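Data file: input38.csv. Format and content: CSV, C-alpha atoms.
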```
chain,number,residue,atom,x,y,z
S,1028,MET,CA,-14.6,-23.5,-22.7
S,1029,THR,CA,-14.3,-20.4,-24.8
S,1030,ALA,CA,-15.5,-20.4,-28.4
S,1031,PRO,CA,-12.7,-20.3,-30.9
S,1032,LEU,CA,-11.9,-17.1,-32.5
S,1033,HIS,CA,-12.5,-17.0,-36.3
S,1034,GLU,CA,-10.2,-15.1,-38.6
S,1035,PRO,CA,-12.1,-12.7,-40.9
S,1036,THR,CA,-12.4,-13.9,-44.4
S,1037,ALA,CA,-10.9,-12.0,-47.4
S,1038,GLU,CA,-14.3,-10.6,-48.2
S,1039,ALA,CA,-14.6,-9.0,-44.8
S,1040,VAL,CA,-11.4,-7.1,-44.9
S,1041,PRO,CA,-11.5,-4.1,-47.3
S,1042,SER,CA,-8.5,-3.6,-49.4
S,1043,ALA,CA,-6.5,-0.4,-49.6
S,1044,ALA,CA,-7.8,0.3,-53.1
S,1045,GLU,CA,-11.4,-0.2,-51.9
S,1046,GLU,CA,-10.8,2.2,-49.0
S,1047,ALA,CA,-9.3,4.8,-51.3
S,1048,ALA,CA,-12.3,4.3,-53.7
S,1049,GLY,CA,-14.7,4.8,-50.8
S,1050,VAL,CA,-12.9,8.0,-49.8
S,1051,ALA,CA,-13.1,9.2,-53.3
S,1052,GLY,CA,-16.8,8.9,-53.3
S,1053,GLY,CA,-17.1,5.4,-54.9
S,1054,LYS,CA,-14.9,6.2,-58.0
S,1055,LYS,CA,-12.2,3.7,-58.8
S,1056,VAL,CA,-8.7,5.0,-58.8
S,1057,GLN,CA,-6.9,4.2,-62.0
S,1058,GLY,CA,-3.2,4.5,-62.7
S,1059,ARG,CA,-2.2,6.7,-65.6
S,1060,SER,CA,0.8,6.2,-67.9
S,1061,PRO,CA,3.2,9.0,-68.5
S,1062,GLY,CA,1.9,9.3,-72.0
S,1063,ARG,CA,-1.7,9.8,-70.8
S,1064,ILE,CA,-0.6,12.4,-68.2
S,1065,ALA,CA,1.3,14.3,-71.0
S,1066,TRP,CA,-1.8,14.2,-73.3
S,1067,GLU,CA,-4.0,15.5,-70.5
S,1068,ARG,CA,-1.6,18.4,-69.9
S,1069,LEU,CA,-1.4,19.1,-73.6
S,1070,LYS,CA,-5.2,19.1,-74.0
S,1071,ARG,CA,-5.4,22.0,-71.5
S,1072,ASP,CA,-3.0,24.1,-73.6
S,1073,ARG,CA,-5.2,25.8,-76.2
S,1074,LEU,CA,-2.3,27.6,-77.9
S,1075,ALA,CA,-0.4,24.3,-78.4
S,1076,LEU,CA,-3.5,22.5,-79.7
S,1077,SER,CA,-4.2,25.4,-82.1
S,1078,GLY,CA,-0.6,25.1,-83.4
S,1079,GLY,CA,-0.9,21.4,-83.7
S,1080,ALA,CA,-4.1,21.7,-85.7
S,1081,VAL,CA,-2.5,24.2,-88.1
S,1082,VAL,CA,0.5,21.8,-88.5
S,1083,LEU,CA,-1.8,18.9,-89.3
S,1084,PHE,CA,-3.7,21.1,-91.7
S,1085,LEU,CA,-0.5,22.1,-93.5
S,1086,VAL,CA,0.6,18.4,-93.7
S,1087,LEU,CA,-2.7,17.5,-95.3
S,1088,VAL,CA,-2.4,20.4,-97.7
S,1089,ALA,CA,1.0,19.2,-98.8
S,1090,VAL,CA,0.0,15.6,-99.2
S,1091,PHE,CA,-3.2,16.4,-101.2
S,1092,ALA,CA,-1.7,19.3,-103.1
S,1093,PRO,CA,-2.6,17.9,-106.6
S,1094,LEU,CA,-6.2,17.3,-105.4
S,1095,ILE,CA,-6.6,20.7,-103.9
S,1096,THR,CA,-5.3,22.6,-106.9
S,1097,GLY,CA,-7.3,20.4,-109.2
S,1098,LEU,CA,-10.5,21.3,-107.4
S,1099,ALA,CA,-9.5,25.0,-107.6
S,1100,GLY,CA,-9.0,24.5,-111.4
S,1101,GLN,CA,-5.4,25.8,-111.3
S,1102,SER,CA,-1.9,24.5,-111.9
S,1103,PRO,CA,1.3,25.8,-110.3
S,1104,ASN,CA,3.1,26.2,-113.7
S,1105,GLU,CA,0.3,27.4,-115.9
S,1106,HIS,CA,0.8,30.9,-117.3
S,1107,HIS,CA,-1.9,33.5,-117.6
S,1108,GLU,CA,-0.4,36.3,-119.6
S,1109,ASP,CA,-3.8,37.7,-120.3
S,1110,LEU,CA,-4.1,38.7,-116.6
S,1111,ILE,CA,-0.8,40.7,-116.7
S,1112,ASP,CA,-0.5,44.4,-117.6
S,1113,PRO,CA,1.8,44.5,-120.7
S,1114,LEU,CA,3.2,47.8,-119.7
S,1115,PHE,CA,4.1,47.2,-116.0
S,1116,SER,CA,4.2,43.4,-116.0
S,1117,THR,CA,2.0,43.4,-112.9
S,1118,PRO,CA,-1.3,41.6,-112.4
S,1119,VAL,CA,-4.5,43.3,-113.6
S,1120,GLY,CA,-6.8,44.3,-110.8
S,1121,SER,CA,-6.4,45.1,-107.1
S,1122,PHE,CA,-4.4,43.0,-104.5
S,1123,GLY,CA,-2.3,41.2,-107.1
S,1124,GLY,CA,-5.3,40.1,-109.2
S,1125,ILE,CA,-7.2,38.3,-106.5
S,1126,SER,CA,-10.5,37.0,-107.8
S,1127,GLY,CA,-12.9,34.1,-107.5
S,1128,GLU,CA,-10.8,32.1,-110.0
S,1129,HIS,CA,-7.5,33.1,-108.5
S,1130,LEU,CA,-8.0,33.0,-104.8
S,1131,LEU,CA,-4.6,34.6,-103.9
S,1132,GLY,CA,-4.0,36.4,-107.2
S,1133,VAL,CA,-1.4,35.7,-109.8
S,1134,GLU,CA,2.4,36.3,-110.1
S,1135,PRO,CA,3.8,39.3,-112.0
S,1136,VAL,CA,5.2,38.7,-115.5
S,1137,ASN,CA,4.0,35.2,-116.1
S,1138,GLY,CA,0.6,35.1,-114.3
S,1139,ARG,CA,1.0,31.8,-112.5
S,1140,ASP,CA,-1.6,31.2,-109.8
S,1141,VAL,CA,-0.2,32.1,-106.4
S,1142,PHE,CA,-2.6,29.8,-104.5
S,1143,ALA,CA,-1.4,26.7,-106.5
S,1144,ARG,CA,2.2,27.6,-105.9
S,1145,ILE,CA,1.7,28.2,-102.2
S,1146,VAL,CA,0.1,24.8,-101.9
S,1147,TYR,CA,2.9,23.1,-103.8
S,1148,GLY,CA,5.5,25.1,-102.0
S,1149,ALA,CA,4.3,23.5,-98.7
S,1150,GLN,CA,5.5,20.2,-100.1
S,1151,ILE,CA,9.1,21.3,-100.4
S,1152,SER,CA,9.2,23.2,-97.1
S,1153,LEU,CA,7.6,20.4,-95.0
S,1154,LEU,CA,9.5,17.6,-96.9
S,1155,VAL,CA,12.9,19.3,-96.2
S,1156,GLY,CA,11.9,20.3,-92.6
S,1157,PHE,CA,10.7,16.8,-91.6
S,1158,LEU,CA,13.3,14.6,-93.3
S,1159,SER,CA,16.3,16.7,-92.3
S,1160,ALA,CA,15.0,16.6,-88.7
S,1161,VAL,CA,14.8,12.8,-89.0
S,1162,VAL,CA,18.4,12.6,-90.2
S,1163,ALA,CA,19.5,14.9,-87.3
S,1164,VAL,CA,17.5,12.9,-84.7
S,1165,VAL,CA,18.8,9.5,-85.8
S,1166,LEU,CA,22.5,10.7,-85.8
S,1167,GLY,CA,22.1,12.8,-82.7
S,1168,THR,CA,20.4,10.0,-80.7
S,1169,VAL,CA,22.8,7.2,-81.7
S,1170,LEU,CA,26.0,9.2,-81.2
S,1171,GLY,CA,24.7,11.1,-78.1
S,1172,ILE,CA,23.7,7.9,-76.2
S,1173,LEU,CA,27.0,6.2,-77.2
S,1174,ALA,CA,29.0,9.2,-75.9
S,1175,GLY,CA,27.0,9.5,-72.7
S,1176,TYR,CA,27.0,5.8,-71.8
S,1177,PHE,CA,30.5,4.7,-72.7
S,1178,GLY,CA,32.3,7.9,-71.7
S,1179,GLY,CA,36.1,8.0,-71.9
S,1180,TRP,CA,37.7,8.3,-75.4
S,1181,VAL,CA,34.4,7.6,-77.1
S,1182,ASP,CA,32.7,10.6,-75.4
S,1183,ALA,CA,35.8,12.8,-76.0
S,1184,ALA,CA,35.9,12.0,-79.7
S,1185,ILE,CA,32.1,12.5,-80.3
S,1186,SER,CA,32.1,15.7,-78.3
S,1187,ARG,CA,34.9,17.2,-80.3
S,1188,VAL,CA,33.1,16.3,-83.5
S,1189,MET,CA,30.0,18.1,-82.1
S,1190,ASP,CA,32.1,21.2,-81.2
S,1191,MET,CA,33.6,21.3,-84.7
S,1192,LEU,CA,30.2,21.0,-86.5
S,1193,LEU,CA,28.6,23.6,-84.2
S,1194,SER,CA,31.3,26.1,-85.1
S,1195,PHE,CA,31.1,25.4,-88.9
S,1196,PRO,CA,29.3,27.9,-91.2
S,1197,GLN,CA,26.4,25.7,-92.1
S,1198,LEU,CA,24.7,28.0,-94.6
S,1199,LEU,CA,27.8,28.8,-96.5
S,1200,PHE,CA,28.7,25.1,-96.8
S,1201,ILE,CA,25.3,24.3,-98.1
S,1202,ILE,CA,25.5,27.1,-100.7
S,1203,ALA,CA,28.9,25.9,-101.8
S,1204,LEU,CA,27.9,22.2,-101.9
S,1205,VAL,CA,24.6,22.7,-103.8
S,1206,SER,CA,26.4,24.9,-106.3
S,1207,VAL,CA,28.8,22.2,-107.4
S,1208,MET,CA,26.4,19.2,-107.3
S,1209,PRO,CA,25.8,17.5,-110.6
S,1210,ASN,CA,22.3,17.7,-112.2
S,1211,LYS,CA,21.9,14.0,-111.9
S,1212,LEU,CA,22.8,11.9,-108.8
S,1213,LEU,CA,21.6,8.5,-107.5
S,1214,GLY,CA,18.7,8.3,-110.0
S,1215,LEU,CA,17.5,11.8,-109.1
S,1216,GLU,CA,17.9,14.9,-111.3
S,1217,GLY,CA,17.3,18.7,-111.0
S,1218,THR,CA,15.1,19.6,-108.1
S,1219,GLY,CA,15.3,16.1,-106.6
S,1220,VAL,CA,19.1,16.3,-106.3
S,1221,ARG,CA,18.9,19.7,-104.6
S,1222,VAL,CA,16.2,18.6,-102.2
S,1223,MET,CA,18.2,15.5,-101.3
S,1224,VAL,CA,21.4,17.5,-100.7
S,1225,MET,CA,19.5,20.0,-98.5
S,1226,ILE,CA,18.0,17.2,-96.4
S,1227,LEU,CA,21.3,15.5,-95.9
S,1228,VAL,CA,23.4,18.6,-95.2
S,1229,ILE,CA,20.8,20.3,-92.9
S,1230,GLY,CA,20.3,17.1,-91.0
S,1231,PHE,CA,24.1,16.4,-90.8
S,1232,PHE,CA,24.8,19.8,-89.3
S,1233,GLY,CA,21.8,19.7,-87.1
S,1234,TRP,CA,22.5,16.5,-85.1
S,1235,PRO,CA,25.0,18.0,-82.6
S,1236,TYR,CA,22.2,20.1,-81.1
S,1237,ILE,CA,20.1,17.1,-80.2
S,1238,GLY,CA,23.3,15.0,-79.6
S,1239,ARG,CA,24.3,17.2,-76.8
S,1240,VAL,CA,20.9,16.9,-75.1
S,1241,VAL,CA,20.9,13.1,-75.4
S,1242,ARG,CA,24.4,12.8,-74.1
S,1243,GLY,CA,23.6,14.9,-71.1
S,1244,GLN,CA,20.5,12.9,-70.3
S,1245,THR,CA,22.4,9.6,-70.8
S,1246,LEU,CA,25.1,10.7,-68.3
S,1247,SER,CA,22.4,11.2,-65.7
S,1248,LEU,CA,20.4,8.1,-66.5
S,1249,ARG,CA,23.3,5.6,-66.6
S,1250,GLU,CA,23.8,6.0,-62.8
S,1251,ARG,CA,20.2,5.3,-61.9
S,1252,GLU,CA,19.3,2.3,-59.8
S,1253,TYR,CA,17.3,0.5,-62.4
S,1254,VAL,CA,20.3,0.6,-64.8
S,1255,GLU,CA,22.6,-0.7,-62.1
S,1256,ALA,CA,20.1,-3.4,-61.3
S,1257,ALA,CA,19.9,-4.5,-64.9
S,1258,ARG,CA,23.7,-4.5,-65.1
S,1259,SER,CA,24.0,-6.6,-61.9
S,1260,LEU,CA,21.5,-9.2,-63.4
S,1261,GLY,CA,23.8,-9.7,-66.3
S,1262,ALA,CA,22.1,-7.5,-68.9
S,1263,GLY,CA,24.3,-6.6,-71.9
S,1264,ARG,CA,25.1,-3.1,-73.1
S,1265,GLY,CA,22.8,-3.4,-76.0
S,1266,TYR,CA,19.9,-4.4,-73.8
S,1267,ILE,CA,20.6,-1.5,-71.4
S,1268,LEU,CA,20.9,1.0,-74.2
S,1269,VAL,CA,17.7,-0.1,-76.0
S,1270,LYS,CA,15.4,-1.2,-73.1
S,1271,GLU,CA,16.5,0.9,-70.1
S,1272,LEU,CA,17.9,4.2,-71.5
S,1273,MET,CA,16.0,4.8,-74.8
S,1274,PRO,CA,12.4,4.8,-73.3
S,1275,ASN,CA,13.6,7.6,-70.9
S,1276,LEU,CA,15.1,9.6,-73.7
S,1277,VAL,CA,11.9,9.7,-75.9
S,1278,ALA,CA,10.5,12.8,-74.2
S,1279,PRO,CA,13.5,15.1,-74.8
S,1280,ILE,CA,13.9,13.7,-78.3
S,1281,ILE,CA,10.3,14.5,-79.2
S,1282,VAL,CA,10.6,18.0,-77.8
S,1283,TYR,CA,13.7,18.9,-79.7
S,1284,THR,CA,12.4,17.4,-82.9
S,1285,THR,CA,9.3,19.6,-82.8
S,1286,MET,CA,11.6,22.6,-82.2
S,1287,MET,CA,14.0,21.6,-84.9
S,1288,ILE,CA,11.5,21.3,-87.8
S,1289,PRO,CA,10.7,25.1,-88.0
S,1290,THR,CA,14.4,25.9,-88.0
S,1291,ASN,CA,14.9,23.6,-90.9
S,1292,ILE,CA,11.9,25.1,-92.8
S,1293,LEU,CA,13.5,28.6,-92.4
S,1294,THR,CA,16.8,27.3,-93.6
S,1295,GLU,CA,15.2,25.8,-96.7
S,1296,ALA,CA,13.4,29.1,-97.4
S,1297,ALA,CA,16.6,31.1,-97.0
S,1298,LEU,CA,18.4,28.8,-99.4
S,1299,SER,CA,15.7,29.1,-102.0
S,1300,PHE,CA,15.6,32.9,-101.4
S,1301,LEU,CA,19.3,33.0,-102.2
S,1302,GLY,CA,18.9,31.0,-105.3
S,1303,VAL,CA,20.6,27.8,-104.2
S,1304,GLY,CA,17.5,25.8,-103.2
S,1305,VAL,CA,15.0,24.4,-105.5
S,1306,LYS,CA,15.0,25.8,-109.0
S,1307,PRO,CA,12.1,27.2,-111.0
S,1308,PRO,CA,9.5,26.2,-112.1
S,1309,THR,CA,9.3,24.1,-108.9
S,1310,ALA,CA,7.3,26.1,-106.4
S,1311,SER,CA,9.0,27.2,-103.2
S,1312,TRP,CA,8.1,29.9,-100.6
S,1313,GLY,CA,11.6,31.2,-100.5
S,1314,ASP,CA,11.9,31.5,-104.2
S,1315,MET,CA,8.5,33.3,-104.4
S,1316,LEU,CA,9.8,35.8,-101.8
S,1317,SER,CA,13.0,36.3,-103.9
S,1318,SER,CA,10.9,37.0,-107.0
S,1319,ALA,CA,8.6,39.4,-105.1
S,1320,VAL,CA,11.5,41.7,-104.1
S,1321,ASN,CA,11.5,43.2,-107.6
S,1322,TYR,CA,7.8,44.0,-107.5
S,1323,PHE,CA,7.3,45.0,-103.9
S,1324,ASP,CA,6.2,48.6,-104.7
S,1325,ALA,CA,3.8,47.7,-107.6
S,1326,ASP,CA,2.5,44.4,-106.1
S,1327,PRO,CA,3.1,44.1,-102.3
S,1328,THR,CA,0.5,41.3,-102.1
S,1329,TYR,CA,2.9,38.9,-103.9
S,1330,MET,CA,5.4,39.3,-101.1
S,1331,VAL,CA,3.0,39.3,-98.2
S,1332,ILE,CA,1.4,35.9,-99.1
S,1333,PRO,CA,4.5,33.6,-99.1
S,1334,GLY,CA,5.8,35.6,-96.1
S,1335,LEU,CA,2.6,34.8,-94.2
S,1336,ALA,CA,2.8,31.2,-95.2
S,1337,ILE,CA,6.3,30.9,-93.7
S,1338,PHE,CA,5.4,32.9,-90.6
S,1339,ILE,CA,2.2,30.9,-89.9
S,1340,THR,CA,4.0,27.6,-90.4
S,1341,VAL,CA,7.0,28.4,-88.2
S,1342,LEU,CA,4.8,29.9,-85.5
S,1343,SER,CA,2.5,26.9,-85.4
S,1344,PHE,CA,5.4,24.5,-85.0
S,1345,ASN,CA,6.9,26.7,-82.2
S,1346,LEU,CA,3.6,26.9,-80.4
S,1347,PHE,CA,3.1,23.1,-80.7
S,1348,GLY,CA,6.7,22.4,-79.7
S,1349,ASP,CA,6.4,24.6,-76.6
S,1350,GLY,CA,3.2,22.8,-75.6
S,1351,VAL,CA,4.8,19.4,-76.0
S,1352,ARG,CA,7.7,20.5,-73.9
S,1353,ASP,CA,5.5,21.6,-71.1
S,1354,ALA,CA,3.4,18.5,-71.3
S,1355,LEU,CA,6.3,16.1,-71.1
S,1356,ASP,CA,8.0,18.1,-68.3
S,1357,PRO,CA,7.0,16.4,-65.0
S,1358,LYS,CA,7.8,19.6,-63.1
S,1359,ALA,CA,5.6,21.8,-65.2
S,1360,SER,CA,2.6,23.3,-63.5
S,1361,ARG,CA,-0.3,23.8,-65.8
```

If you took the structure in this file and wrote it as structure tokens, what would it be?
Amino acid sequence: MTAPLHEPTAEAVPSAAEEAAGVAGGKKVQGRSPGRIAWERLKRDRLALSGGAVVLFLVLVAVFAPLITGLAGQSPNEHHEDLIDPLFSTPVGSFGGISGEHLLGVEPVNGRDVFARIVYGAQISLLVGFLSAVVAVVLGTVLGILAGYFGGWVDAAISRVMDMLLSFPQLLFIIALVSVMPNKLLGLEGTGVRVMVMILVIGFFGWPYIGRVVRGQTLSLREREYVEAARSLGAGRGYILVKELMPNLVAPIIVYTTMMIPTNILTEAALSFLGVGVKPPTASWGDMLSSAVNYFDADPTYMVIPGLAIFITVLSFNLFGDGVRDALDPKASR
């Protein structure tokens, strides 16, 4: 009589994961989320990390502007007429009056500290850039996903609105609207009204750009198998839009948001340069450039400094946005 064959126990049969771990030299194989994969790609992009570091630094400067200028012992609206040449109305000394007390010199005519005004000007530029991007992203995401998912007359109506807004002269409309706005509105007055109007109008005219991207992605995603499976299981439209489509739209939304912010900053600077943005004595990089035009020959430093501030800010956002785009693109080879 032959001995019965015994089946091997679970401990005796190595699993596929254990075999893979053995092949890998004893290291456990761990799954990585899309977010972790994107972060690992982003970490290898030094230009993007440099841009992100500068962006973070600028945000901190804008948030802690009162503390920074307080430590420097300067105020953005304090006049120093004793540092101005009474004959030429230009700062006394070389390079616009740069000294240990005034790190970036002083303004012509009134002698206000340039460093303090650059720091406070970052508040206006970043505030308008970020909040107008938020307005555009919210409107563009909601309307884009509705147009792409429902199609038909809903898609046709929203698409025609996008086409109309994209062909509208945004800058001219903002100039006209800001010029006729009252000095007090919704509890705000003066600069607050102008900042609110710029945020709303720039965001309103900016949403079609991201709306088109979201619409195109939604048209592709709504035909995927997991959406059909959710629909066959009885999931409602709200569930599909929020739980199935939105998570797959996060990557393109983040990418276009990072690319939209520097454009909004440039728009705010252009409006202030033209005299329809924030009004003096509120500090603004665009207004500083506008004032520096009259003194470019006598004091070129006064024009170079706010110009560099705008250039570095926009370049940092663009570098960071390019890095985020490459990191979130699954086909990118880094």

Selection: 9 Å around segment 1334-1336 of chain S, only C-alpha atoms, excl. self and same-chain fewer than 4 positions, as JSON, numbers by chain
{"S": [1145, 1149, 1312, 1313, 1316, 1329, 1330, 1340, 1341]}

From the list S:Leu1342, S:Val1351, S:Ser1247, S:Ala1325, the nearest residue to Gly1124 of chain S using all atoms listed in the file is S:Ala1325

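Non-sequential neighbours of Ala1257 of chain S (distance at most 12 Å, separation of 6 or more positions within a chain, all atoms listed in the file) are Arg1249, Glu1250, Arg1251, Gly1263, Arg1264, Gly1265, Tyr1266, Ile1267, Leu1268, Lys1270, Glu1271 and Leu1272 of chain S.
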
Determine the nearest neighbour of Pro1093 of chain S from the options S:Tyr1147, S:Ser1121, S:Asn1137, S:Ala1174, counting all atoms listed in the file.
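Residue with the minimum atom-to-atom distance to Pro1093 of chain S: S:Tyr1147.
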
Distance in Å - atom CA of Trp1180 of chain S versus atom CA of Ile1237 of chain S:
20.3 Å

Selection: 12 Å around Met1273 of chain S, all atoms listed in the file, excl. self and same-chain fewer than 3 positions, as a VMD selection string:
chain S and resid 1168 to 1169 1171 to 1173 1176 1241 to 1242 1244 to 1245 1248 to 1249 1254 1265 to 1270 1276 to 1280

Which residues, written as a ChimeraX atom specification, have at least one atom at most 9 Å from Gly1120 of chain S, with all atoms listed in the file counted and residues fewer than 5 positions away on the same chain left out?
/S:1110,1125-1126

Show me, as a list in words, the residues that have an atom within 9 Å of Asn1104 of chain S when counting all atoms listed in the file, minus same-chain residues fewer than 6 positions from it.
Arg1139, Asp1140, Ala1143, Arg1144, Pro1308, Thr1309 and Ala1310 of chain S

Considering all atoms listed in the file, state which residue in the set S:Ala1184, S:Met1223, S:Leu1166, S:Leu1293 is at the smallest distance from Gly1238 of chain S.
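Counting all atoms listed in the file, the residue closest to Gly1238 of chain S is S:Leu1166.
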
Pick from S:Gly1148, S:Gly1302, S:Gly1079, S:Gly1217 nearest to Thr1285 of chain S, counting all atoms listed in the file:
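Using all atoms listed in the file, Thr1285 of chain S sits closest to S:Gly1079.
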
Selected residue of minimal separation from Phe1347 of chain S among S:Ala1160, S:Ile1288, S:Ile1332, S:Ala1089, counting only C-alpha atoms:
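Smallest separation from Phe1347 of chain S among the options: S:Ile1288.
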
Report the distance between atom CA of Val1136 of chain S and atom CA of Phe1300 of chain S in Å, rounded to one decimal place.
18.5 Å

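Between Ala1203 of chain S and the residues S:Gly1304, S:Gly1230, S:Gly1178, S:Gly1156, the shortest atom-to-atom distance, using all atoms listed in the file, involves S:Gly1304.
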